[in-house]
$ cat query_35.txt   # compact mmCIF, C-alpha atoms
# COMPACT_ATOMS: atom_id res chain seq x y z
CA MET A 1 80.97 -35.16 56.86
CA MET A 2 84.30 -36.36 58.24
CA ASN A 3 86.11 -34.95 55.20
CA CYS A 4 84.76 -31.61 56.35
CA ALA A 5 85.45 -32.13 60.08
CA LEU A 6 81.75 -32.49 60.88
CA ASP A 7 80.79 -35.17 63.39
CA ASP A 8 77.31 -34.50 64.75
CA LEU A 9 74.95 -36.56 62.59
CA ARG A 10 71.27 -36.59 63.61
CA LEU A 11 68.88 -38.97 61.91
CA VAL A 12 65.10 -38.80 61.91
CA ARG A 13 63.49 -42.24 61.40
CA PRO A 14 66.13 -43.60 58.95
CA ARG A 15 64.37 -45.57 56.22
CA ASP A 16 66.60 -48.66 56.46
CA GLY A 17 66.83 -48.76 60.25
CA TRP A 18 69.90 -48.15 62.38
CA PRO A 19 72.67 -49.18 62.72
CA SER A 20 73.06 -49.88 59.04
CA ALA A 21 75.69 -52.13 57.46
CA LYS A 22 75.18 -50.29 54.18
CA ALA A 23 76.01 -46.97 55.84
CA VAL A 24 79.20 -48.43 57.32
CA ALA A 25 80.27 -49.73 53.92
CA ALA A 26 79.59 -46.34 52.29
CA ALA A 27 81.43 -44.43 55.00
CA SER A 28 84.87 -45.49 53.72
CA GLY A 29 86.36 -45.47 57.20
CA ALA A 30 84.50 -42.50 58.65
CA ASP A 31 82.96 -44.85 61.22
CA ALA A 32 83.34 -42.30 64.01
CA VAL A 33 80.54 -40.20 62.52
CA LEU A 34 78.20 -43.21 62.35
CA GLU A 35 79.01 -44.30 65.89
CA ARG A 36 78.19 -40.83 67.25
CA ALA A 37 74.96 -40.53 65.21
CA ARG A 38 71.80 -39.96 67.22
CA LEU A 39 68.28 -41.04 66.30
CA TYR A 40 65.16 -38.91 66.69
CA PRO A 41 61.45 -39.65 66.24
CA ASN A 42 60.79 -36.37 64.42
CA VAL A 43 62.42 -33.17 63.18
CA THR A 44 61.31 -31.02 66.11
CA ALA A 45 63.05 -33.36 68.57
CA ALA A 46 66.18 -33.39 66.42
CA ILE A 47 66.55 -29.61 66.41
CA ALA A 48 65.20 -28.81 69.88
CA ASP A 49 68.57 -27.78 71.38
CA LEU A 50 69.71 -25.74 68.36
CA VAL A 51 69.54 -21.98 68.02
CA HIS A 52 69.97 -21.63 64.25
CA VAL A 53 68.63 -24.10 61.70
CA TYR A 54 69.19 -23.97 57.93
CA ALA A 55 66.96 -26.01 55.62
CA ALA A 56 68.75 -27.24 52.49
CA THR A 57 66.30 -27.10 49.62
CA ALA A 58 66.30 -26.08 45.99
CA ARG A 59 62.56 -25.62 45.65
CA ASP A 60 60.75 -22.35 46.25
CA ARG A 61 58.21 -23.06 48.99
CA GLY A 62 55.92 -20.13 48.34
CA PHE A 63 56.36 -18.63 51.76
CA VAL A 64 58.57 -15.86 52.96
CA ARG A 65 61.98 -17.09 53.86
CA ARG A 66 65.49 -15.76 54.22
CA GLU A 67 67.68 -17.53 51.68
CA VAL A 68 71.47 -17.90 51.64
CA THR A 69 74.17 -19.77 49.74
CA PRO A 70 76.22 -22.51 51.46
CA ARG A 71 79.13 -20.07 51.64
CA GLN A 72 77.14 -17.46 53.47
CA ALA A 73 75.55 -20.09 55.71
CA ALA A 74 79.00 -21.41 56.61
CA ALA A 75 80.26 -17.96 57.55
CA GLU A 76 77.17 -17.31 59.62
CA MET A 77 77.39 -20.64 61.41
CA ARG A 78 81.06 -20.06 62.26
CA ALA A 79 80.04 -16.76 63.82
CA HIS A 80 77.07 -18.28 65.65
CA LEU A 81 79.18 -21.10 67.08
CA ALA A 82 81.87 -18.65 68.15
CA ALA A 83 79.11 -16.94 70.14
CA GLY A 84 78.10 -20.26 71.69
CA GLU A 85 74.94 -20.69 69.61
CA ALA A 86 74.39 -24.21 68.29
CA CYS A 87 73.59 -24.59 64.57
CA GLY A 88 72.35 -27.32 62.29
CA VAL A 89 71.57 -27.96 58.65
CA LEU A 90 68.42 -29.91 57.79
CA PHE A 91 68.45 -32.19 54.73
CA GLY A 92 65.44 -34.06 53.37
CA PRO A 93 65.19 -37.68 52.22
CA GLU A 94 66.79 -38.51 48.87
CA ARG A 95 63.60 -38.85 46.85
CA THR A 96 61.19 -36.37 48.33
CA GLY A 97 63.33 -33.68 49.92
CA LEU A 98 62.11 -31.71 52.91
CA LEU A 99 58.42 -31.25 53.61
CA ASN A 100 57.09 -27.71 53.82
CA ASP A 101 56.47 -28.24 57.51
CA ASP A 102 60.13 -29.13 58.00
CA VAL A 103 61.29 -26.07 56.07
CA ALA A 104 58.99 -23.95 58.24
CA LEU A 105 60.98 -25.06 61.31
CA ALA A 106 64.15 -23.50 59.93
CA ASP A 107 65.24 -19.88 60.23
CA THR A 108 66.82 -19.81 56.83
CA VAL A 109 66.74 -21.66 53.55
CA LEU A 110 70.08 -22.81 52.18
CA THR A 111 70.20 -23.12 48.39
CA ILE A 112 73.23 -24.25 46.42
CA PRO A 113 73.81 -22.04 43.37
CA LEU A 114 73.84 -24.31 40.32
CA ASN A 115 73.26 -24.18 36.57
CA PRO A 116 69.68 -22.91 36.19
CA GLY A 117 69.42 -24.93 32.98
CA PHE A 118 70.24 -28.22 34.72
CA SER A 119 70.52 -28.87 38.42
CA SER A 120 70.22 -32.31 39.89
CA LEU A 121 72.22 -33.00 43.04
CA ASN A 122 71.64 -36.08 45.13
CA LEU A 123 71.62 -35.92 48.93
CA ALA A 124 75.27 -36.93 49.30
CA GLN A 125 76.39 -34.26 46.84
CA ALA A 126 74.39 -31.56 48.60
CA VAL A 127 75.83 -32.56 51.99
CA LEU A 128 79.33 -32.55 50.52
CA ILE A 129 79.04 -29.01 49.16
CA VAL A 130 77.56 -27.65 52.37
CA GLY A 131 80.24 -29.45 54.40
CA TYR A 132 82.99 -28.28 52.10
CA GLU A 133 81.93 -24.66 52.47
CA TRP A 134 81.77 -25.17 56.22
CA PHE A 135 85.35 -26.44 56.26
CA ALA A 136 86.58 -23.77 53.85
CA ALA A 137 85.03 -21.04 55.99
CA ALA A 138 87.33 -21.89 58.92
CA ALA A 139 89.67 -19.07 58.08
CA ALA A 140 87.10 -16.59 56.80
CA VAL A 141 86.10 -13.36 58.48
CA LEU A 142 83.04 -13.29 60.67
CA PRO A 143 79.99 -11.68 59.08
CA GLU A 144 77.56 -9.28 60.60
CA MET A 145 75.74 -10.61 63.62
CA LEU A 146 72.70 -9.67 65.59
CA ARG A 147 73.34 -7.57 68.69
CA ARG A 148 71.11 -8.97 71.36
CA GLY A 149 71.65 -6.52 74.19
CA GLY A 150 72.54 -9.18 76.74
CA SER A 151 69.61 -11.50 76.15
CA ARG A 152 70.42 -14.92 74.85
CA PRO A 153 68.90 -16.24 71.60
CA ALA A 154 65.97 -18.61 72.04
CA THR A 155 66.42 -22.33 71.46
CA LYS A 156 64.17 -24.07 68.95
CA ASP A 157 62.51 -25.82 71.85
CA GLU A 158 61.51 -22.48 73.36
CA LEU A 159 60.34 -21.23 69.99
CA LEU A 160 58.23 -24.33 69.33
CA ASN A 161 56.73 -23.92 72.78
CA PHE A 162 55.66 -20.38 71.84
CA PHE A 163 54.21 -21.60 68.53
CA ALA A 164 52.16 -24.18 70.44
CA HIS A 165 50.82 -21.49 72.77
CA LEU A 166 49.99 -19.06 69.97
CA GLU A 167 48.39 -21.65 67.73
CA GLU A 168 46.32 -23.15 70.54
CA GLU A 169 44.84 -19.74 71.23
CA LEU A 170 44.31 -19.02 67.53
CA VAL A 171 42.35 -22.24 67.22
CA ARG A 172 40.34 -21.28 70.27
CA ASN A 173 39.47 -17.78 69.09
CA GLY A 174 38.51 -19.01 65.65
CA PHE A 175 41.34 -17.49 63.61
CA LEU A 176 42.49 -20.96 62.54
CA ARG A 177 39.01 -22.41 62.20
CA HIS A 178 39.28 -23.22 58.48
CA ARG A 179 40.85 -26.65 58.40
CA GLU A 180 42.08 -26.38 54.79
CA SER A 181 43.91 -23.08 55.16
CA ARG A 182 45.22 -23.83 58.65
CA PRO A 183 48.54 -25.52 57.68
CA SER A 184 49.66 -22.72 55.38
CA MET A 185 48.46 -20.09 57.87
CA VAL A 186 50.50 -21.76 60.61
CA ARG A 187 53.56 -22.02 58.35
CA ASN A 188 53.33 -18.34 57.43
CA LEU A 189 53.14 -17.27 61.07
CA ARG A 190 55.99 -19.56 62.07
CA SER A 191 58.10 -18.34 59.18
CA LEU A 192 57.59 -14.76 60.30
CA PHE A 193 58.65 -15.38 63.91
CA GLN A 194 61.56 -17.55 62.79
CA ARG A 195 62.91 -14.71 60.72
CA ALA A 196 62.91 -12.37 63.67
CA GLN A 197 65.49 -14.61 65.43
CA CYS A 198 63.83 -13.98 68.77
CA THR A 199 65.71 -13.91 72.03
CA GLU A 200 64.52 -15.90 75.02
CA GLN A 201 63.41 -12.61 76.63
CA GLU A 202 61.36 -11.69 73.56
CA LEU A 203 59.64 -15.05 73.55
CA ARG A 204 58.61 -14.44 77.15
CA THR A 205 57.17 -11.10 76.03
CA LEU A 206 55.31 -12.81 73.18
CA HIS A 207 53.91 -15.42 75.57
CA GLY A 208 52.72 -12.51 77.69
CA VAL A 209 51.07 -10.89 74.68
CA VAL A 210 49.19 -14.07 73.81
CA THR A 211 48.18 -14.63 77.41
CA ALA A 212 47.01 -11.03 77.73
CA PHE A 213 44.86 -11.42 74.63
CA ALA A 214 43.51 -14.77 75.75
CA GLY A 215 43.15 -13.50 79.27
CA PRO A 216 39.40 -13.17 79.79
CA ARG A 217 38.80 -16.71 78.56
CA GLU A 218 41.61 -18.05 80.68
CA ARG A 219 40.09 -16.32 83.68
CA GLY A 220 36.93 -18.28 83.08
CA LYS A 221 34.80 -15.97 80.95
CA ALA A 222 33.10 -17.39 77.90
CA VAL A 223 33.84 -15.65 74.64
CA GLY A 224 30.91 -17.22 72.87
CA PRO A 225 30.97 -19.70 69.99
CA ASP A 226 32.88 -18.74 66.84
CA MET B 1 79.58 -31.15 35.29
CA MET B 2 76.25 -30.04 33.88
CA ASN B 3 75.13 -28.93 37.35
CA CYS B 4 78.04 -26.53 37.17
CA ALA B 5 77.50 -25.47 33.54
CA LEU B 6 80.58 -27.35 32.33
CA ASP B 7 80.27 -29.25 29.07
CA ASP B 8 83.72 -30.01 27.69
CA LEU B 9 84.57 -33.53 28.91
CA ARG B 10 87.78 -35.07 27.64
CA LEU B 11 88.52 -38.73 28.31
CA VAL B 12 91.87 -40.47 28.06
CA ARG B 13 91.51 -44.21 27.36
CA PRO B 14 88.38 -44.78 29.48
CA ARG B 15 88.69 -48.13 31.31
CA ASP B 16 85.22 -49.43 30.33
CA GLY B 17 85.26 -48.23 26.70
CA TRP B 18 83.13 -45.55 25.11
CA PRO B 19 80.23 -44.90 24.75
CA SER B 20 79.24 -46.41 28.07
CA ALA B 21 75.70 -47.39 29.12
CA LYS B 22 76.84 -47.15 32.75
CA ALA B 23 77.89 -43.56 32.23
CA VAL B 24 74.52 -42.69 30.66
CA ALA B 25 72.67 -44.23 33.60
CA ALA B 26 74.81 -42.34 36.09
CA ALA B 27 74.39 -39.04 34.26
CA SER B 28 70.77 -38.57 35.43
CA GLY B 29 69.81 -36.75 32.27
CA ALA B 30 73.01 -34.83 31.64
CA ASP B 31 73.41 -36.71 28.36
CA ALA B 32 74.57 -33.61 26.50
CA VAL B 33 77.91 -33.76 28.34
CA LEU B 34 78.42 -37.41 27.37
CA GLU B 35 77.47 -36.81 23.75
CA ARG B 36 79.99 -34.01 23.44
CA ALA B 37 82.76 -35.97 25.20
CA ARG B 38 85.97 -36.43 23.22
CA LEU B 39 88.39 -39.35 23.44
CA TYR B 40 92.18 -39.05 23.50
CA PRO B 41 94.95 -41.65 23.43
CA ASN B 42 96.99 -39.86 26.10
CA VAL B 43 97.08 -36.83 28.37
CA THR B 44 99.34 -34.73 26.18
CA ALA B 45 96.89 -35.04 23.27
CA ALA B 46 93.97 -34.18 25.56
CA ILE B 47 95.52 -30.93 26.75
CA ALA B 48 97.30 -29.89 23.57
CA ASP B 49 95.06 -26.90 22.76
CA LEU B 50 94.88 -25.58 26.32
CA VAL B 51 96.91 -22.71 27.74
CA HIS B 52 96.47 -23.39 31.46
CA VAL B 53 96.17 -26.82 33.05
CA TYR B 54 95.43 -27.57 36.69
CA ALA B 55 96.13 -31.05 38.08
CA ALA B 56 93.71 -32.10 40.80
CA THR B 57 95.60 -34.11 43.39
CA ALA B 58 95.79 -34.41 47.16
CA ARG B 59 99.20 -36.06 47.29
CA ASP B 60 102.45 -34.15 47.58
CA ARG B 61 104.46 -35.11 44.54
CA GLY B 62 107.84 -34.16 45.91
CA PHE B 63 108.55 -31.59 43.25
CA VAL B 64 108.17 -27.86 43.20
CA ARG B 65 104.77 -26.91 42.03
CA ARG B 66 102.45 -23.99 42.39
CA GLU B 67 99.44 -25.12 44.44
CA VAL B 68 95.99 -23.49 44.67
CA THR B 69 92.56 -24.22 46.14
CA PRO B 70 89.56 -24.86 43.87
CA ARG B 71 88.29 -21.37 44.69
CA GLN B 72 91.52 -19.73 43.61
CA ALA B 73 91.72 -21.94 40.52
CA ALA B 74 88.16 -20.97 39.55
CA ALA B 75 88.92 -17.27 39.81
CA GLU B 76 92.10 -17.69 37.79
CA MET B 77 90.38 -19.72 35.08
CA ARG B 78 87.60 -17.13 34.77
CA ALA B 79 90.27 -14.52 34.20
CA HIS B 80 92.20 -16.69 31.75
CA LEU B 81 89.07 -17.44 29.72
CA ALA B 82 88.11 -13.77 29.68
CA ALA B 83 91.52 -13.17 28.12
CA GLY B 84 90.85 -15.88 25.53
CA GLU B 85 93.19 -18.46 27.11
CA ALA B 86 91.72 -21.98 27.24
CA CYS B 87 91.91 -23.84 30.57
CA GLY B 88 91.41 -27.38 31.82
CA VAL B 89 91.47 -29.41 35.01
CA LEU B 90 93.10 -32.82 34.97
CA PHE B 91 91.70 -35.61 37.18
CA GLY B 92 93.24 -39.06 37.64
CA PRO B 93 91.53 -42.47 37.60
CA GLU B 94 89.47 -43.39 40.67
CA ARG B 95 91.89 -45.88 42.20
CA THR B 96 95.33 -44.60 41.38
CA GLY B 97 94.94 -40.87 40.89
CA LEU B 98 97.22 -38.96 38.54
CA LEU B 99 100.69 -40.22 37.70
CA ASN B 100 103.63 -37.96 38.47
CA ASP B 101 104.19 -37.59 34.75
CA ASP B 102 100.64 -36.31 34.32
CA VAL B 103 101.01 -33.84 37.16
CA ALA B 104 104.21 -32.63 35.57
CA LEU B 105 102.20 -31.61 32.48
CA ALA B 106 100.15 -29.15 34.54
CA ASP B 107 101.11 -25.58 35.40
CA THR B 108 99.51 -25.76 38.78
CA VAL B 109 98.37 -28.29 41.34
CA LEU B 110 94.80 -27.97 42.56
CA THR B 111 94.22 -29.29 46.07
CA ILE B 112 90.86 -29.33 47.84
CA PRO B 113 91.18 -28.17 51.46
CA LEU B 114 89.79 -30.94 53.68
CA ASN B 115 90.05 -32.28 57.22
CA PRO B 116 93.76 -33.12 57.66
CA GLY B 117 92.70 -35.89 60.06
CA PHE B 118 90.50 -37.62 57.47
CA SER B 119 90.24 -36.88 53.79
CA SER B 120 88.88 -39.36 51.31
CA LEU B 121 87.08 -37.98 48.28
CA ASN B 122 86.22 -40.13 45.32
CA LEU B 123 86.64 -38.86 41.77
CA ALA B 124 83.00 -37.74 41.42
CA GLN B 125 83.18 -35.76 44.66
CA ALA B 126 86.40 -34.03 43.65
CA VAL B 127 84.95 -33.09 40.26
CA LEU B 128 81.80 -31.77 41.94
CA ILE B 129 83.71 -29.48 44.28
CA VAL B 130 85.94 -28.12 41.52
CA GLY B 131 82.89 -27.63 39.28
CA TYR B 132 80.90 -26.02 42.05
CA GLU B 133 83.66 -23.49 42.70
CA TRP B 134 83.84 -22.83 38.97
CA PHE B 135 80.14 -22.08 38.84
CA ALA B 136 80.12 -20.09 42.08
CA ALA B 137 82.94 -17.90 40.76
CA ALA B 138 80.66 -16.69 37.95
CA ALA B 139 77.88 -15.71 40.30
CA ALA B 140 80.51 -13.63 42.13
CA VAL B 141 78.97 -12.52 45.37
CA LEU B 142 75.39 -13.68 45.60
CA PRO B 143 74.00 -11.50 48.33
CA GLU B 144 71.48 -12.72 50.83
CA MET B 145 67.93 -12.40 49.60
CA LEU B 146 64.47 -12.90 50.95
CA ARG B 147 62.16 -15.07 48.91
CA ARG B 148 58.78 -13.45 49.24
CA GLY B 149 56.69 -15.95 47.28
CA GLY B 150 55.08 -13.25 45.17
CA SER B 151 54.07 -10.97 48.03
CA ARG B 152 55.59 -7.48 48.12
CA PRO B 153 57.46 -6.17 51.16
CA ALA B 154 55.39 -3.99 53.47
CA THR B 155 55.90 -0.25 53.49
CA LYS B 156 56.80 1.42 56.78
CA ASP B 157 53.41 3.03 56.71
CA GLU B 158 51.72 -0.36 56.67
CA LEU B 159 54.02 -1.58 59.40
CA LEU B 160 53.29 1.40 61.64
CA ASN B 161 49.61 0.88 61.03
CA PHE B 162 49.95 -2.67 62.34
CA PHE B 163 51.94 -1.44 65.37
CA ALA B 164 49.12 1.01 66.16
CA HIS B 165 46.53 -1.76 65.96
CA LEU B 166 48.55 -4.16 68.09
CA GLU B 167 49.49 -1.60 70.71
CA GLU B 168 45.97 -0.25 71.00
CA GLU B 169 44.72 -3.73 71.80
CA LEU B 170 47.59 -4.39 74.20
CA VAL B 171 46.71 -1.26 76.11
CA ARG B 172 43.09 -2.34 76.17
CA ASN B 173 43.74 -5.87 77.42
CA GLY B 174 46.08 -4.63 80.10
CA PHE B 175 49.38 -5.96 78.77
CA LEU B 176 50.78 -2.42 78.46
CA ARG B 177 49.17 -1.14 81.63
CA HIS B 178 52.42 -0.25 83.41
CA ARG B 179 53.19 3.23 82.21
CA GLU B 180 56.91 3.10 83.09
CA SER B 181 57.68 -0.12 81.25
CA ARG B 182 55.42 0.63 78.30
CA PRO B 183 57.93 2.46 76.04
CA SER B 184 60.57 -0.27 76.26
CA MET B 185 57.93 -2.98 75.87
CA VAL B 186 56.65 -1.29 72.72
CA ARG B 187 60.18 -0.85 71.37
CA ASN B 188 60.96 -4.53 71.94
CA LEU B 189 57.85 -5.69 70.13
CA ARG B 190 58.42 -3.29 67.25
CA SER B 191 62.03 -4.35 66.94
CA LEU B 192 60.97 -7.96 66.69
CA PHE B 193 58.45 -7.38 63.91
CA GLN B 194 60.85 -5.05 62.08
CA ARG B 195 63.47 -7.76 61.99
CA ALA B 196 61.08 -10.19 60.34
CA GLN B 197 60.89 -7.89 57.29
CA CYS B 198 57.20 -8.63 56.90
CA THR B 199 55.42 -8.63 53.58
CA GLU B 200 52.20 -6.77 53.04
CA GLN B 201 50.36 -10.11 53.00
CA GLU B 202 51.87 -11.08 56.35
CA LEU B 203 50.84 -7.81 57.92
CA ARG B 204 47.28 -8.54 56.86
CA THR B 205 47.59 -11.92 58.55
CA LEU B 206 48.93 -10.24 61.70
CA HIS B 207 46.07 -7.75 61.69
CA GLY B 208 43.77 -10.76 61.47
CA VAL B 209 45.49 -12.39 64.44
CA VAL B 210 45.08 -9.28 66.59
CA THR B 211 41.48 -8.86 65.53
CA ALA B 212 40.73 -12.51 66.25
CA PHE B 213 42.20 -12.14 69.73
CA ALA B 214 40.41 -8.88 70.38
CA GLY B 215 37.24 -10.19 68.77
CA PRO B 216 34.84 -10.71 71.67
CA ARG B 217 35.49 -7.22 73.00
CA GLU B 218 35.12 -5.67 69.57
CA ARG B 219 31.79 -7.41 69.23
CA GLY B 220 30.62 -5.59 72.32
CA LYS B 221 31.47 -7.95 75.18
CA ALA B 222 33.11 -6.49 78.24
CA VAL B 223 36.36 -8.09 79.31
CA GLY B 224 36.24 -6.52 82.74
CA PRO B 225 38.55 -3.89 84.22
CA ASP B 226 42.26 -4.64 84.34

$ encode --input "query_35.txt" --output "structure tokens"
Amino acid sequence: MMNCALDDLRLVRPRDGWPSAKAVAAASGADAVLERARLYPNVTAAIADLVHVYAATARDRGFVRREVTPRQAAAEMRAHLAAGEACGVLFGPERTGLLNDDVALADTVLTIPLNPGFSSLNLAQAVLIVGYEWFAAAAAVLPEMLRRGGSRPATKDELLNFFAHLEEELVRNGFLRHRESRPSMVRNLRSLFQRAQCTEQELRTLHGVVTAFAGPRERGKAVGPD
Amino acid sequence: MMNCALDDLRLVRPRDGWPSAKAVAAASGADAVLERARLYPNVTAAIADLVHVYAATARDRGFVRREVTPRQAAAEMRAHLAAGEACGVLFGPERTGLLNDDVALADTVLTIPLNPGFSSLNLAQAVLIVGYEWFAAAAAVLPEMLRRGGSRPATKDELLNFFAHLEEELVRNGFLRHRESRPSMVRNLRSLFQRAQCTEQELRTLHGVVTAFAGPRERGKAVGPD
């Protein structure tokens, strides 16, 4: 990370605890990154204040997802940051990689183009390539951005809050009643709204839509058992 | 190397002898590269059949030398190879790096752009970045794509059909009751779903969501006047 001028390391439940003597030894002098590292109990807490999240994964997750290379991600993140919008890249644990539920929290999947006949990067190698492209992009031109007409982009916290509202009502009205299909249904819906890169104003509209639909029940009328 | 579709490894007097069980263990299955590796008594023998040689080094050697980034080197080498001119990249031992005499055998110095305030790559990391740029140069510009997990993108007709369903229900439940604000409200919602580039499968899910919300009314229960 420090090779690439990155210094905001966020850790979710590190396997070997924290601080870690092993991490210090492996850091080869980049102690500043370790000292600034912050711990989080889960992924949602770790990304709550971010606007754009990229999930680094090589596997196809079977749900609809915007996918970019590290180079494109780096150019986009430079542009986002220039516009004051915080970004992050999500990496999974060494052995298992990211869970589908983690990937579903990201706007975009980041996949490193490698030999289709043999690709086997470890976590450190993947972070290095993403960081390297980030550093190399410093001088690059800014890519196309989303015009937002004055409204600011939603934070992940605001987005997760909308998901909670929507999903609560979908459980209540019976749409998510099948326990087995619920997780993939929820992921598909989240993926869809992630892709839209909603503004804060749009999320308020969507909350209004859900509330309007749920309205009669919320005003005390029974909708009957589903 | 194999991650980056490189398979011509040339070793000059490897410190731990050859073949090496340690190298096999570290190769994580990329044995083909090790099996094809060739041994040389010195650098001049190792590069004898090449036309263009790049020396990977971060240190300024105090003599005049053409210097390029890995990205530029990759593009050049692709062009050289297309013209039938063999190329190679020279890396030094882990601890000492290349000797000045080795660098002097190269046409060009290859330097990886890194944080001027902290740069410390080991040999494996340097090889990975050079290899990655080599591979990425073949893919040229990989444009952004949407992984759709087998589902086809929705037609505009299908999308408009969903808009009609959604908006009809939003009129009915009172969300779009204000005639003046209705057009902009509708535009904002449409814009949001357009941006998500929904698949046909997702539109069916969204229809299901709207129907689930509207359900009690559609089954004949009054929701009361709004």

$ closest_residue --input "query_35.txt" --among "B:Leu39, B:Ala46, B:Ala26, B:Val89" --to "chain A" --atoms "all atoms listed in the file"
B:Ala26

$ residues_around --input "query_35.txt" --residues "Arg71 in chain B" --least-positions-apart "6" --cutoff "12 Å" --atoms "only C-alpha atoms" --output "list in words"
Arg71, Tyr132, Glu133, Ala136 and Ala137 of chain A; Met77, Arg78, Leu110, Thr111, Ile112, Pro113, Ile129, Val130, Gly131, Tyr132, Glu133, Trp134, Phe135, Ala136, Ala137, Ala138 and Ala140 of chain B

$ residues_around --input "query_35.txt" --residues "Leu159 in chain B" --least-positions-apart "2" --cutoff "9 Å" --atoms "only C-alpha atoms" --output "PyMOL selection string"
chain B and resi 154-157+161-164+193-194+198+200+203

$ atom_distance --input "query_35.txt" --atom1 "CA of Glu167 in chain A" --atom2 "CA of Leu189 in chain A"
9.3 Å

$ residues_around --input "query_35.txt" --residues "Leu11 in chain B" --least-positions-apart "3" --cutoff "7 Å" --atoms "all atoms listed in the file" --output "MDAnalysis selection string"
chainID B and resid 14 38:40

$ atom_distance --input "query_35.txt" --atom1 "CA of Asn115 in chain A" --atom2 "CA of Asn3 in chain A"
25.1 Å

$ axis_aligned_box --input "query_35.txt" --around "range 28-32 of chain B" --padding-each-side "3 Å" --output "AutoDock Vina command-line options"
--center_x 72.2 --center_y -36.1 --center_z 31.0 --size_x 10.8 --size_y 11.0 --size_z 14.9

$ atom_distance --input "query_35.txt" --atom1 "CA of Ala5 in chain B" --atom2 "CA of Ile47 in chain B"
20.0 Å

$ closest_residue --input "query_35.txt" --among "A:Glu67, A:Glu94, A:Asp107, A:Glu35" --to "Asn122 in chain A" --atoms "all atoms listed in the file"
A:Glu94

$ interface_residues --input "query_35.txt" --of "chain A" --to "chain B" --cutoff "6 Å" --atoms "all atoms listed in the file" --output "ChimeraX atom specification"
/A:3-5,62-68,114-115,118-119,175,192,195-196,212-213,216,223

$ residues_near_point --input "query_35.txt" --point "(70.8, -41.2, 59.6)" --cutoff "10 Å" --atoms "all atoms listed in the file" --output "ChimeraX atom specification"
/A:9-20,23,34,37-40,93

$ closest_residue --input "query_35.txt" --among "A:Asp60, A:Asp102, A:Glu158, A:Asp31" --to "Val43 in chain A" --atoms "only C-alpha atoms"
A:Asp102

$ closest_residue --input "query_35.txt" --among "A:Ala79, A:Val33, A:Ala25, A:Ala55" --to "Asp101 in chain A" --atoms "only C-alpha atoms"
A:Ala55

$ decode --input "query_35.txt" --residues "range 98-124 of chain A" --atoms "C-alpha atoms" --output "JSON list (two decimals), in the first residue's frame"
[["chain", "number", "residue", "atom", "x", "y", "z"],
["A", 98, "LEU", "CA", -15.10, -12.44, -0.71],
["A", 99, "LEU", "CA", -18.50, -13.86, 0.13],
["A", 100, "ASN", "CA", -21.34, -13.21, -2.29],
["A", 101, "ASP", "CA", -22.97, -11.01, 0.33],
["A", 102, "ASP", "CA", -19.83, -8.89, 0.48],
["A", 103, "VAL", "CA", -19.66, -8.57, -3.30],
["A", 104, "ALA", "CA", -23.32, -7.52, -3.27],
["A", 105, "LEU", "CA", -22.36, -4.51, -1.13],
["A", 106, "ALA", "CA", -20.09, -3.17, -3.87],
["A", 107, "ASP", "CA", -21.09, -1.04, -6.84],
["A", 108, "THR", "CA", -18.60, -2.65, -9.14],
["A", 109, "VAL", "CA", -16.52, -5.78, -9.45],
["A", 110, "LEU", "CA", -12.82, -5.30, -10.05],
["A", 111, "THR", "CA", -11.15, -8.15, -11.92],
["A", 112, "ILE", "CA", -7.46, -8.30, -12.79],
["A", 113, "PRO", "CA", -6.92, -9.44, -16.38],
["A", 114, "LEU", "CA", -4.65, -12.50, -16.26],
["A", 115, "ASN", "CA", -3.76, -15.56, -18.31],
["A", 116, "PRO", "CA", -7.06, -17.43, -18.74],
["A", 117, "GLY", "CA", -5.09, -20.68, -18.84],
["A", 118, "PHE", "CA", -3.51, -20.08, -15.42],
["A", 119, "SER", "CA", -4.36, -17.41, -12.92],
["A", 120, "SER", "CA", -3.49, -17.70, -9.28],
["A", 121, "LEU", "CA", -2.76, -14.47, -7.43],
["A", 122, "ASN", "CA", -2.52, -14.34, -3.68],
["A", 123, "LEU", "CA", -4.05, -11.48, -1.69],
["A", 124, "ALA", "CA", -0.81, -9.48, -1.49]]
